[in-house]
Structure formats: structure tokens, C-alpha cells
Amino acid sequence: MNIALIGAACVLGLAATGSGIGAGIAGMAAIGSWKRSYLNNKTPSFLLVAFAGAPLTQTIYGFILMGRLMNSSKDPLLLLAAGVMSGLAIGMSAVAQGQAAAAGCDAFGETGKGFANYITVVGLCETVALFVLAFTFSAV
């Protein structure tokens, strides 16, 4: 068995786990915001879908790194460690993104203002995953 393949599986699995958790957190906030809009006879904003779906991109980053790890000829222990640690970092970025998106859903749903500011913070959380992707890509 090639332990490098375990790292490849881990990077995708951990990134996707974070995406699922983050999307769940943000999705609950979006649903709650829509409920408040309905209860107050206000038009609910479809823009909240952008917040709810934001953490899903980290699954793509995990998939990209998985391919890189599977095709690398570096030391299998390095590839295992890279897969596990990169997957964890990308997954945690998705969780943080979901939390920031949830706050954005609450604030935007209540005020109808500040969407650009809120999505910028969500994007900052995304940047962590992009950095991990780029730095790991260059190492393996």
C-alpha cells in the first residue's frame, strides 16, 4: 500500500468535511434570515445563497491538491503529512468561512445593507485555503 495515497484521500476528505460543516453553518443562518423576512412580510434576499454556498469552494481546492499528491514522486511520508495537514487547514478555512457567512446572513438579512463588506470578510477566510493550496502545491 502506498501511504502517499492516504494523504491524497485525506486532503479531499478533510477539505470536503470542512466545506460541509461551513455550508451547514451558513445555510442555517440564511434560512433563519429568510424566516425573519417572511414573518415580517419583507422580501427575502436571494443574495444570502452566496453566503451559504461560499464554503463549498474548499472542496475544489482539496480535489486539486489530491491530484497533485497522487501524481507526485516526492517522499510518501511528506505526501501523507501534506495531505493531512493541508486538508485540515483547508477544512478549517471552510468552517471559519461558514461562521463569517452566517454573521453576514444575519447582518444583511436584518439591515439589507453592507453586502460588499460582509462578502469581503468571507473572502478573507477563503484566502487561507488559497494560500494553503498554493504553498502545498509548490512543496509537493
# chains A, B, ... in the order shown; residues from 1 in each chain; ligands from 1
>>> residues_around(residues="A:Ile21", least_positions_apart="6", cutoff="12 Å", atoms="only C-alpha atoms", output="list in words")
Leu14, Ala15, Gly27, Met28, Ala52, Gly53, Ala54, Pro55, Leu56, Gln58, Thr59, Gly91, Met92, Ser93, Ala94, Val95, Ala96, Gln97, Gly98, Gln99 and Ala102 of chain A
>>> residues_around(residues="A:Ile90", least_positions_apart="5", cutoff="9 Å", atoms="only C-alpha atoms", output="number ranges by chain")
A: 11, 14-16, 18-19, 58-59, 61-62, 85, 95, 126, 128-130, 132-133
>>> residues_around(residues="stretch 113-117 of chain A", least_positions_apart="3", cutoff="12 Å", atoms="only C-alpha atoms", output="tab-separated table (two decimals) with all heavy atoms, in the first residue's frame")
chain	number	residue	atom	x	y	z
A	45	SER	N	-33.95	38.12	0.68
A	45	SER	CA	-32.89	38.35	-0.29
A	45	SER	C	-32.28	37.03	-0.77
A	45	SER	O	-31.81	36.22	0.04
A	45	SER	CB	-31.79	39.22	0.31
A	45	SER	OG	-30.73	39.35	-0.61
A	46	PHE	N	-32.26	36.86	-2.08
A	46	PHE	CA	-31.63	35.68	-2.65
A	46	PHE	C	-30.11	35.75	-2.53
A	46	PHE	O	-29.43	34.73	-2.64
A	46	PHE	CB	-32.05	35.52	-4.12
A	46	PHE	CG	-31.60	34.23	-4.73
A	46	PHE	CD1	-32.23	33.04	-4.41
A	46	PHE	CD2	-30.54	34.19	-5.62
A	46	PHE	CE1	-31.82	31.84	-4.96
A	46	PHE	CE2	-30.11	32.99	-6.18
A	46	PHE	CZ	-30.77	31.81	-5.85
A	47	LEU	N	-29.56	36.92	-2.27
A	47	LEU	CA	-28.11	37.07	-2.12
A	47	LEU	C	-27.54	36.22	-0.99
A	47	LEU	O	-26.35	35.92	-0.98
A	47	LEU	CB	-27.75	38.54	-1.87
A	47	LEU	CG	-27.82	39.48	-3.06
A	47	LEU	CD1	-27.56	40.92	-2.63
A	47	LEU	CD2	-26.84	39.07	-4.14
A	48	LEU	N	-28.39	35.82	-0.06
A	48	LEU	CA	-27.90	35.01	1.05
A	48	LEU	C	-27.40	33.65	0.58
A	48	LEU	O	-26.61	33.00	1.28
A	48	LEU	CB	-28.99	34.84	2.11
A	48	LEU	CG	-29.50	36.14	2.75
A	48	LEU	CD1	-30.53	35.82	3.83
A	48	LEU	CD2	-28.37	36.96	3.32
A	50	ALA	N	-25.31	33.25	-1.73
A	50	ALA	CA	-23.87	33.43	-1.93
A	50	ALA	C	-23.12	33.14	-0.63
A	50	ALA	O	-22.04	32.53	-0.64
A	50	ALA	CB	-23.57	34.85	-2.40
A	51	PHE	N	-23.69	33.55	0.49
A	51	PHE	CA	-23.07	33.26	1.78
A	51	PHE	C	-23.13	31.76	2.08
A	51	PHE	O	-22.15	31.17	2.52
A	51	PHE	CB	-23.76	34.02	2.91
A	51	PHE	CG	-23.49	35.50	2.91
A	51	PHE	CD1	-24.54	36.41	2.85
A	51	PHE	CD2	-22.20	36.00	2.99
A	51	PHE	CE1	-24.30	37.77	2.87
A	51	PHE	CE2	-21.95	37.36	3.02
A	51	PHE	CZ	-23.01	38.25	2.95
A	100	ALA	N	-18.29	33.18	9.32
A	100	ALA	CA	-18.34	34.58	8.86
A	100	ALA	C	-19.55	34.80	7.96
A	100	ALA	O	-20.23	35.84	8.06
A	100	ALA	CB	-17.05	34.93	8.11
A	101	ALA	N	-19.84	33.83	7.11
A	101	ALA	CA	-21.00	33.94	6.23
A	101	ALA	C	-22.30	33.95	7.04
A	101	ALA	O	-23.25	34.66	6.69
A	101	ALA	CB	-21.01	32.78	5.23
A	103	ALA	N	-22.69	35.20	10.03
A	103	ALA	CA	-22.82	36.56	10.57
A	103	ALA	C	-23.25	37.53	9.48
A	103	ALA	O	-24.07	38.42	9.72
A	103	ALA	CB	-21.49	37.01	11.20
A	104	GLY	N	-22.72	37.33	8.27
A	104	GLY	CA	-23.13	38.16	7.14
A	104	GLY	C	-24.60	37.97	6.80
A	104	GLY	O	-25.29	38.95	6.50
A	105	CYS	N	-25.09	36.75	6.86
A	105	CYS	CA	-26.51	36.49	6.62
A	105	CYS	C	-27.37	37.23	7.63
A	105	CYS	O	-28.38	37.84	7.28
A	105	CYS	CB	-26.81	34.99	6.73
A	105	CYS	SG	-26.30	34.00	5.33
A	106	ASP	N	-26.97	37.14	8.88
A	106	ASP	CA	-27.74	37.79	9.94
A	106	ASP	C	-27.76	39.31	9.75
A	106	ASP	O	-28.82	39.93	9.78
A	106	ASP	CB	-27.15	37.43	11.30
A	106	ASP	CG	-27.93	38.05	12.44
A	106	ASP	OD1	-29.17	37.84	12.50
A	106	ASP	OD2	-27.32	38.74	13.27
A	107	ALA	N	-26.59	39.89	9.52
A	107	ALA	CA	-26.50	41.34	9.38
A	107	ALA	C	-27.20	41.84	8.13
A	107	ALA	O	-27.97	42.81	8.18
A	107	ALA	CB	-25.03	41.77	9.37
A	108	PHE	N	-26.95	41.18	6.99
A	108	PHE	CA	-27.57	41.63	5.75
A	108	PHE	C	-29.08	41.38	5.76
A	108	PHE	O	-29.86	42.21	5.27
A	108	PHE	CB	-26.92	40.95	4.54
A	108	PHE	CG	-27.41	41.47	3.23
A	108	PHE	CD1	-27.04	42.74	2.79
A	108	PHE	CD2	-28.26	40.72	2.43
A	108	PHE	CE1	-27.50	43.24	1.59
A	108	PHE	CE2	-28.72	41.21	1.22
A	108	PHE	CZ	-28.34	42.48	0.80
A	109	GLY	N	-29.48	40.25	6.31
A	109	GLY	CA	-30.91	39.96	6.38
A	109	GLY	C	-31.66	40.96	7.23
A	109	GLY	O	-32.81	41.29	6.94
A	110	GLU	N	-31.03	41.44	8.27
A	110	GLU	CA	-31.67	42.39	9.18
A	110	GLU	C	-31.70	43.80	8.60
A	110	GLU	O	-32.69	44.51	8.73
A	110	GLU	CB	-30.91	42.39	10.51
A	110	GLU	CG	-31.59	43.14	11.63
A	110	GLU	CD	-32.75	42.36	12.24
A	110	GLU	OE1	-32.78	41.14	12.13
A	110	GLU	OE2	-33.63	43.01	12.83
A	120	THR	N	-16.63	40.45	1.67
A	120	THR	CA	-15.19	40.66	1.72
A	120	THR	C	-14.57	39.87	2.87
A	120	THR	O	-13.52	39.23	2.70
A	120	THR	CB	-14.86	42.16	1.85
A	120	THR	OG1	-15.36	42.85	0.70
A	120	THR	CG2	-13.36	42.40	2.00
A	121	VAL	N	-15.21	39.89	4.02
A	121	VAL	CA	-14.70	39.13	5.16
A	121	VAL	C	-14.76	37.63	4.86
A	121	VAL	O	-13.84	36.88	5.19
A	121	VAL	CB	-15.47	39.48	6.45
A	121	VAL	CG1	-15.06	38.57	7.59
A	121	VAL	CG2	-15.24	40.94	6.81
A	122	VAL	N	-15.84	37.19	4.23
A	122	VAL	CA	-15.95	35.79	3.83
A	122	VAL	C	-14.80	35.44	2.88
A	122	VAL	O	-14.18	34.37	2.99
A	122	VAL	CB	-17.33	35.52	3.18
A	122	VAL	CG1	-17.38	34.14	2.55
A	122	VAL	CG2	-18.43	35.68	4.21
A	123	GLY	N	-14.46	36.35	1.99
A	123	GLY	CA	-13.35	36.14	1.07
A	123	GLY	C	-12.00	36.09	1.76
A	123	GLY	O	-11.10	35.36	1.33
A	124	LEU	N	-11.86	36.82	2.84
A	124	LEU	CA	-10.61	36.75	3.60
A	124	LEU	C	-10.41	35.37	4.20
A	124	LEU	O	-9.29	34.85	4.23
A	124	LEU	CB	-10.60	37.81	4.71
A	124	LEU	CG	-10.49	39.26	4.23
A	124	LEU	CD1	-10.67	40.22	5.40
A	124	LEU	CD2	-9.17	39.51	3.53
>>> atom_distance(atom1="atom CA of A:Leu78", atom2="atom CA of A:Ala9")
14.1 Å
